[in-house]
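What follows is a short report on a single structure.
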Amino acid sequence: MLKIDRDDVTRLLKKLIEIESVNPSVEGGIGEVEISNFIAGHLKSIGMEVYTQDVVDDRFNVIGILRGEGGGRNLMMNGHTDTVGVKGMTIDPFKPFIENDNMHGRGACDMKGPLAGMITAVKALVNSGIKLDGDLLISAVVDEEYESIGTEKLIQEYRSDAVIVEEPTNFQIGISHKGFVWLEIETLGKAAHGSVPEKGIDAIAKMAKIISRIPSLEKAYAKKKHDLVGVPKIHTSMIEGGSEWSIVPDFCRLKLERRTIPGETSSIVIDEFNQILKELSAEDPLFSAKVKKIFEGQPMEIASDEAIVTNLRLAVQEIRRTEPRILGEPYWTDASIFVNNASIPACLFGPGDIGLAHSADEFIKIGDVVDSAKIYALTAQTFCGTLTPR
């Protein structure tokens, strides 16, 4: 068994949390530059080849490579360096503290704990003298909490035979997750003085007709259940319209989010709403509306018998003495980009409870981070293959 130093894990996790890395698109955060520089330096210090990859402005990905001896499969362990904002937190977000073996602070669970686990795993492999057959890569990427431009850039230059995306799954193995589509619907009306509303066309009232159709969509979704991720979901997010108290509104815009299941595409979602608009137009000659896609993240699914899933499952059995569940997640992750855009099998696995991610008092159990390092190191050995220690 490789030696994983608990004190090393604790110090590294504490340092990662202390470095503020709120996504600049969230609450005007300062971004990932400082933490990326720290990780790059740390990976060099433990013996990895280190490369940086410019993404946008001064933000960059960090890629560490532990070269194998040849002939084995290459494995990438992927984590993001950005966090969500800190508004509403009940603790000081960047002054981590330990209580009952839990390290508290922003990003502790999502995902500086998993980052600390994968970095420590590589250090343990290097210190052990074990030589892998295949390459082991670490990718610390920017912007997962917004538009995932970091991983989009990463796959343009770096490949592997499989990827572990280190989301906090509480040691379960995620082989599927939902996608999402952000839609904007606009209804068009005609402005008129509020004293004679019959001379205008109320765009907000027209939008209400669209919103009233959402329950019928939800009823249809109940018949489309996926074995792992469940049914599609939808919710209204934001709405705006009109200009003055005494003017009939000539426009209304609705932003909504549709969560998709594997097998669904954004075209399917847009067609759903175009059908609703068509029906409403037939019922009301004054109805005028249009729908457009703003952004999407595709759903993800891989086979349960992929080699990386099997190797992770065996490692969890060895280290945790329990059988991990194979599951699907309701949220979206960068695993979608590896699977759908790069055709690389990717699964979700990490320490921590996703229910604590983004929370007012975010924390992770240090013992779990230690176990994750052991599991990552063992998985790397079995997936990449090993030679006799020298």
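Going through the structure tokens in order, the chains are called A, B, and so on, while each chain numbers its residues from 1 and the ligands are numbered from 1 in the order shown.
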
Non-local contacts of Glu318 of chain A (12 Å; only C-alpha atoms; under 5 positions in same chain excluded) as a list in words: Met1, Asn311, Leu312, Arg313, Glu323, Pro324, Asp371, Ser372, Lys374, Ile375, Tyr376, Ala377, Leu378 and Thr379 of chain A

Go ahead and save the picked residues with C-alpha atoms, as a PDB file, in the first residue's frame.
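Dumped everything to result-v8.pdb:
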```pdb
ATOM      1  CA  MET A   1       0.000   0.000   0.000  1.00  0.00           C
ATOM      2  CA  ASN A 311     -10.742  -0.126 -11.858  1.00  0.00           C
ATOM      3  CA  LEU A 312     -12.280   2.556  -9.654  1.00  0.00           C
ATOM      4  CA  ARG A 313     -14.812   0.105  -8.249  1.00  0.00           C
ATOM      5  CA  GLU A 323     -19.127  -1.648  -2.796  1.00  0.00           C
ATOM      6  CA  PRO A 324     -19.629   1.732  -4.524  1.00  0.00           C
ATOM      7  CA  ASP A 371      -8.874   7.899   1.274  1.00  0.00           C
ATOM      8  CA  SER A 372      -9.472   9.526  -2.112  1.00  0.00           C
ATOM      9  CA  LYS A 374      -5.268   6.196  -1.901  1.00  0.00           C
ATOM     10  CA  ILE A 375      -8.045   5.295  -4.334  1.00  0.00           C
ATOM     11  CA  TYR A 376      -6.721   7.578  -7.086  1.00  0.00           C
ATOM     12  CA  ALA A 377      -3.209   6.166  -6.705  1.00  0.00           C
ATOM     13  CA  LEU A 378      -4.396   2.552  -6.763  1.00  0.00           C
ATOM     14  CA  THR A 379      -6.648   3.220  -9.755  1.00  0.00           C
TER      15      THR A 379
END
```

May I have the residues within 12 Å of Leu286 of chain A as a PyMOL selection string, using only C-alpha atoms and disregarding those fewer than 3 positions away in the same chain? chain A and resi 187-190+200-203+205-206+277+280-283+289

Set the distance at 6 Å and use only C-alpha atoms: which residues neighbour segment 165-177 of chain A once local chain neighbours fewer than 6 positions away are removed? I'd like the list as a VMD selection string. chain A and resid 78 to 79 114 299 to 302 324 to 330 347 to 354

How would the residues just picked look written out with N, CA and C atoms as a PDB file, in the first residue's frame?
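This went into selection.pdb:
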```pdb
ATOM      1  N   ASN A  78      -9.046  14.949 -13.569  1.00  0.00           N
ATOM      2  CA  ASN A  78      -9.442  16.310 -13.912  1.00  0.00           C
ATOM      3  C   ASN A  78     -10.171  16.988 -12.752  1.00  0.00           C
ATOM      4  N   GLY A  79      -9.771  18.215 -12.463  1.00  0.00           N
ATOM      5  CA  GLY A  79     -10.464  19.011 -11.451  1.00  0.00           C
ATOM      6  C   GLY A  79     -10.454  20.470 -11.846  1.00  0.00           C
ATOM      7  N   PRO A 114     -11.077  17.251  -3.572  1.00  0.00           N
ATOM      8  CA  PRO A 114     -10.661  16.309  -4.616  1.00  0.00           C
ATOM      9  C   PRO A 114      -9.344  16.691  -5.288  1.00  0.00           C
ATOM     10  N   PRO A 299     -26.084  16.180 -21.973  1.00  0.00           N
ATOM     11  CA  PRO A 299     -26.058  15.091 -20.995  1.00  0.00           C
ATOM     12  C   PRO A 299     -24.932  14.128 -21.317  1.00  0.00           C
ATOM     13  N   MET A 300     -24.572  13.298 -20.348  1.00  0.00           N
ATOM     14  CA  MET A 300     -23.427  12.397 -20.506  1.00  0.00           C
ATOM     15  C   MET A 300     -23.798  11.002 -20.025  1.00  0.00           C
ATOM     16  N   GLU A 301     -23.259   9.996 -20.711  1.00  0.00           N
ATOM     17  CA  GLU A 301     -23.444   8.624 -20.254  1.00  0.00           C
ATOM     18  C   GLU A 301     -22.346   7.746 -20.847  1.00  0.00           C
ATOM     19  N   ILE A 302     -21.762   6.872 -20.004  1.00  0.00           N
ATOM     20  CA  ILE A 302     -20.825   5.863 -20.483  1.00  0.00           C
ATOM     21  C   ILE A 302     -21.293   4.501 -19.991  1.00  0.00           C
ATOM     22  N   PRO A 324     -19.064   0.443  -4.105  1.00  0.00           N
ATOM     23  CA  PRO A 324     -19.629   1.732  -4.524  1.00  0.00           C
ATOM     24  C   PRO A 324     -20.839   1.541  -5.418  1.00  0.00           C
ATOM     25  N   ARG A 325     -21.768   2.473  -5.330  1.00  0.00           N
ATOM     26  CA  ARG A 325     -22.920   2.448  -6.225  1.00  0.00           C
ATOM     27  C   ARG A 325     -22.540   3.062  -7.567  1.00  0.00           C
ATOM     28  N   ILE A 326     -23.117   2.533  -8.618  1.00  0.00           N
ATOM     29  CA  ILE A 326     -22.987   3.106  -9.952  1.00  0.00           C
ATOM     30  C   ILE A 326     -24.226   3.951 -10.171  1.00  0.00           C
ATOM     31  N   LEU A 327     -24.043   5.245 -10.398  1.00  0.00           N
ATOM     32  CA  LEU A 327     -25.201   6.126 -10.391  1.00  0.00           C
ATOM     33  C   LEU A 327     -25.141   7.191 -11.472  1.00  0.00           C
ATOM     34  N   GLY A 328     -26.246   7.904 -11.584  1.00  0.00           N
ATOM     35  CA  GLY A 328     -26.339   9.080 -12.440  1.00  0.00           C
ATOM     36  C   GLY A 328     -26.601  10.296 -11.573  1.00  0.00           C
ATOM     37  N   GLU A 329     -26.179  11.452 -12.044  1.00  0.00           N
ATOM     38  CA  GLU A 329     -26.317  12.678 -11.263  1.00  0.00           C
ATOM     39  C   GLU A 329     -27.269  13.651 -11.954  1.00  0.00           C
ATOM     40  N   PRO A 330     -27.985  14.462 -11.180  1.00  0.00           N
ATOM     41  CA  PRO A 330     -28.928  15.416 -11.767  1.00  0.00           C
ATOM     42  C   PRO A 330     -28.265  16.686 -12.290  1.00  0.00           C
ATOM     43  N   CYS A 347     -15.797   9.419 -16.053  1.00  0.00           N
ATOM     44  CA  CYS A 347     -16.745   9.172 -14.980  1.00  0.00           C
ATOM     45  C   CYS A 347     -16.497  10.170 -13.853  1.00  0.00           C
ATOM     46  N   LEU A 348     -17.467  10.267 -12.960  1.00  0.00           N
ATOM     47  CA  LEU A 348     -17.388  11.181 -11.821  1.00  0.00           C
ATOM     48  C   LEU A 348     -17.018  10.387 -10.580  1.00  0.00           C
ATOM     49  N   PHE A 349     -16.029  10.874  -9.845  1.00  0.00           N
ATOM     50  CA  PHE A 349     -15.664  10.189  -8.609  1.00  0.00           C
ATOM     51  C   PHE A 349     -14.847  11.123  -7.737  1.00  0.00           C
ATOM     52  N   GLY A 350     -15.236  11.234  -6.475  1.00  0.00           N
ATOM     53  CA  GLY A 350     -14.459  12.036  -5.549  1.00  0.00           C
ATOM     54  C   GLY A 350     -15.001  11.967  -4.136  1.00  0.00           C
ATOM     55  N   PRO A 351     -14.226  12.485  -3.189  1.00  0.00           N
ATOM     56  CA  PRO A 351     -14.692  12.572  -1.807  1.00  0.00           C
ATOM     57  C   PRO A 351     -15.637  13.754  -1.659  1.00  0.00           C
ATOM     58  N   GLY A 352     -16.424  13.737  -0.598  1.00  0.00           N
ATOM     59  CA  GLY A 352     -17.279  14.880  -0.304  1.00  0.00           C
ATOM     60  C   GLY A 352     -18.719  14.676  -0.742  1.00  0.00           C
ATOM     61  N   ASP A 353     -19.575  15.480  -0.147  1.00  0.00           N
ATOM     62  CA  ASP A 353     -21.015  15.428  -0.388  1.00  0.00           C
ATOM     63  C   ASP A 353     -21.413  16.597  -1.266  1.00  0.00           C
ATOM     64  N   ILE A 354     -21.987  16.321  -2.443  1.00  0.00           N
ATOM     65  CA  ILE A 354     -22.379  17.388  -3.362  1.00  0.00           C
ATOM     66  C   ILE A 354     -23.386  18.334  -2.707  1.00  0.00           C
TER      67      ILE A 354
END
```

Take atom CA of Ser336 of chain A and atom CA of Gly297 of chain A and report the distance between them in Å, one decimal.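 Atom-to-atom, atom CA of Ser336 of chain A and atom CA of Gly297 of chain A are spaced 7.4 Å apart.
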
Find the residues near Gly194 of chain A: any atom within 7 Å, counting only C-alpha atoms, skip ones fewer than 6 places away on the same chain, and give them as number ranges by chain. A: 246-248

Can you list, as a ChimeraX atom specification, every protein, DNA or RNA residue that comes within 12 Å of Ala124 of chain A when you count only C-alpha atoms, leaving out same-chain residues fewer than 5 positions away? /A:1-6,8-9,46-47,66,117-119,129-131,370,373-378,380-381

Among segment 149-315 of chain A, which ones does DSSP assign to strand (DSSP E) (computed from the backbone)? Answer as a VMD selection string. chain A and resid 162 to 165 173 to 177 179 to 188 233 to 241 251 to 260 289 to 297 300 to 301

Could you give me the residues within segment 5-140 of chain A that DSSP places in alpha helix (DSSP H), as JSON, numbers by chain? {"A": [6, 7, 8, 9, 10, 11, 12, 13, 14, 15, 16, 17, 18, 33, 34, 35, 36, 37, 38, 39, 40, 41, 42, 43, 44, 45, 113, 114, 115, 116, 117, 118, 119, 120, 121, 122, 123, 124, 125, 126, 127, 128]}

Using only C-alpha atoms, can you tell me which of A:Val163, A:Ser25, A:Ala121, A:Gly134 comes closest to Gly85 of chain A?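 For Gly85 of chain A, the nearest of the candidates is A:Ser25.
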
Under the rule that only C-alpha atoms are counted, which of A:Ile91, A:Val291, A:Val339, A:Ile30 is the nearest residue to Asp271 of chain A?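 Of all the options, A:Val291 lies closest to Asp271 of chain A.
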
Might you pull out every residue within 10 Å of segment 151-154 of chain A, with only C-alpha atoms counted and same-chain residues fewer than 2 positions away left off, and present them as a ChimeraX atom specification? /A:53-56,60-63,78-80,139-144,147-149,156-159,334-338,341-342

Include C-alpha atoms and write out the residues we just selected as a tab-separated table (two decimals), in the first residue's frame.
```
chain	number	residue	atom	x	y	z
A	53	GLN	CA	-2.47	26.39	-21.45
A	54	ASP	CA	-3.83	29.90	-21.98
A	55	VAL	CA	-7.62	29.99	-22.04
A	56	VAL	CA	-8.81	33.60	-21.89
A	60	PHE	CA	-4.88	29.30	-17.79
A	61	ASN	CA	-5.15	25.57	-17.29
A	62	VAL	CA	-2.38	23.61	-15.59
A	63	ILE	CA	-1.46	20.17	-16.91
A	78	ASN	CA	-9.44	16.31	-13.91
A	79	GLY	CA	-10.46	19.01	-11.45
A	80	HIS	CA	-11.45	22.66	-11.65
A	139	SER	CA	-5.56	18.73	-15.44
A	140	ALA	CA	-6.51	21.67	-13.23
A	141	VAL	CA	-8.90	23.72	-15.36
A	142	VAL	CA	-10.57	27.10	-15.15
A	143	ASP	CA	-14.20	28.16	-15.51
A	144	GLU	CA	-16.12	24.98	-14.72
A	147	GLU	CA	-19.17	28.03	-19.20
A	148	SER	CA	-16.40	25.40	-18.91
A	149	ILE	CA	-14.13	27.13	-21.39
A	156	GLN	CA	-7.90	20.60	-28.11
A	157	GLU	CA	-4.39	19.61	-27.05
A	158	TYR	CA	-4.50	16.85	-24.44
A	159	ARG	CA	-5.87	13.33	-24.72
A	334	ASP	CA	-17.12	18.78	-17.47
A	335	ALA	CA	-17.35	15.00	-18.00
A	336	SER	CA	-19.85	15.84	-20.73
A	337	ILE	CA	-17.15	17.62	-22.71
A	338	PHE	CA	-14.75	14.67	-22.53
A	341	ASN	CA	-16.71	16.42	-27.63
A	342	ALA	CA	-13.61	14.25	-27.35
```

In Å, rounded to a single decimal, give me how far atom CA of Lys365 of chain A is from atom CA of Asp7 of chain A.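 Computed distance, atom CA of Asp7 of chain A to atom CA of Lys365 of chain A, equals 13.5 Å.
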
Between A:Ala40, A:Ile319, A:Ala108, A:Cys252, which one has atoms that come closest to Glu20 of chain A, using only C-alpha atoms?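 Comparing A:Ala40, A:Ile319, A:Ala108, A:Cys252 against Glu20 of chain A, the winner is A:Ala108.
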
Which residue gives the smallest distance to Leu356 of chain A among A:Pro197, A:Gly107, A:Gly179, A:Pro285, with only C-alpha atoms counted?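 Checking each candidate against Leu356 of chain A, we get A:Gly107 as the closest.
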
Pick from A:Thr322, A:Thr265, A:Ser160, A:Ser21: nearest to Ser343 of chain A, with only C-alpha atoms counted? A:Ser160

Of the listed residues A:Met76, A:Ile268, A:Val181, A:Cys384, that which approaches Gln298 of chain A most closely, counting only C-alpha atoms: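 Using only C-alpha atoms, the shortest distance to Gln298 of chain A belongs to A:Val181.
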
What lies within 10 Å of Lys292 of chain A using only C-alpha atoms, ignoring chain neighbours under 4 positions off, as a PDB file with C-alpha atoms, in the first residue's frame?
```pdb
ATOM      1  CA  TRP A 182     -30.938  27.689 -21.463  1.00  0.00           C
ATOM      2  CA  LEU A 183     -33.754  29.144 -23.513  1.00  0.00           C
ATOM      3  CA  GLU A 184     -35.063  32.658 -24.008  1.00  0.00           C
ATOM      4  CA  ILE A 185     -38.629  33.153 -25.185  1.00  0.00           C
ATOM      5  CA  GLU A 186     -39.880  36.562 -26.253  1.00  0.00           C
ATOM      6  CA  LYS A 255     -35.521  32.816 -19.457  1.00  0.00           C
ATOM      7  CA  ILE A 270     -36.583  23.860 -28.969  1.00  0.00           C
ATOM      8  CA  PHE A 273     -41.566  25.061 -27.434  1.00  0.00           C
ATOM      9  CA  ASN A 274     -41.987  25.768 -31.107  1.00  0.00           C
TER      10      ASN A 274
END
```

Length of the atom CA of Ile234 of chain A to atom CA of Tyr146 of chain A vector [Å]: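 Value for the atom CA of Ile234 of chain A-atom CA of Tyr146 of chain A distance: 19.4 Å.
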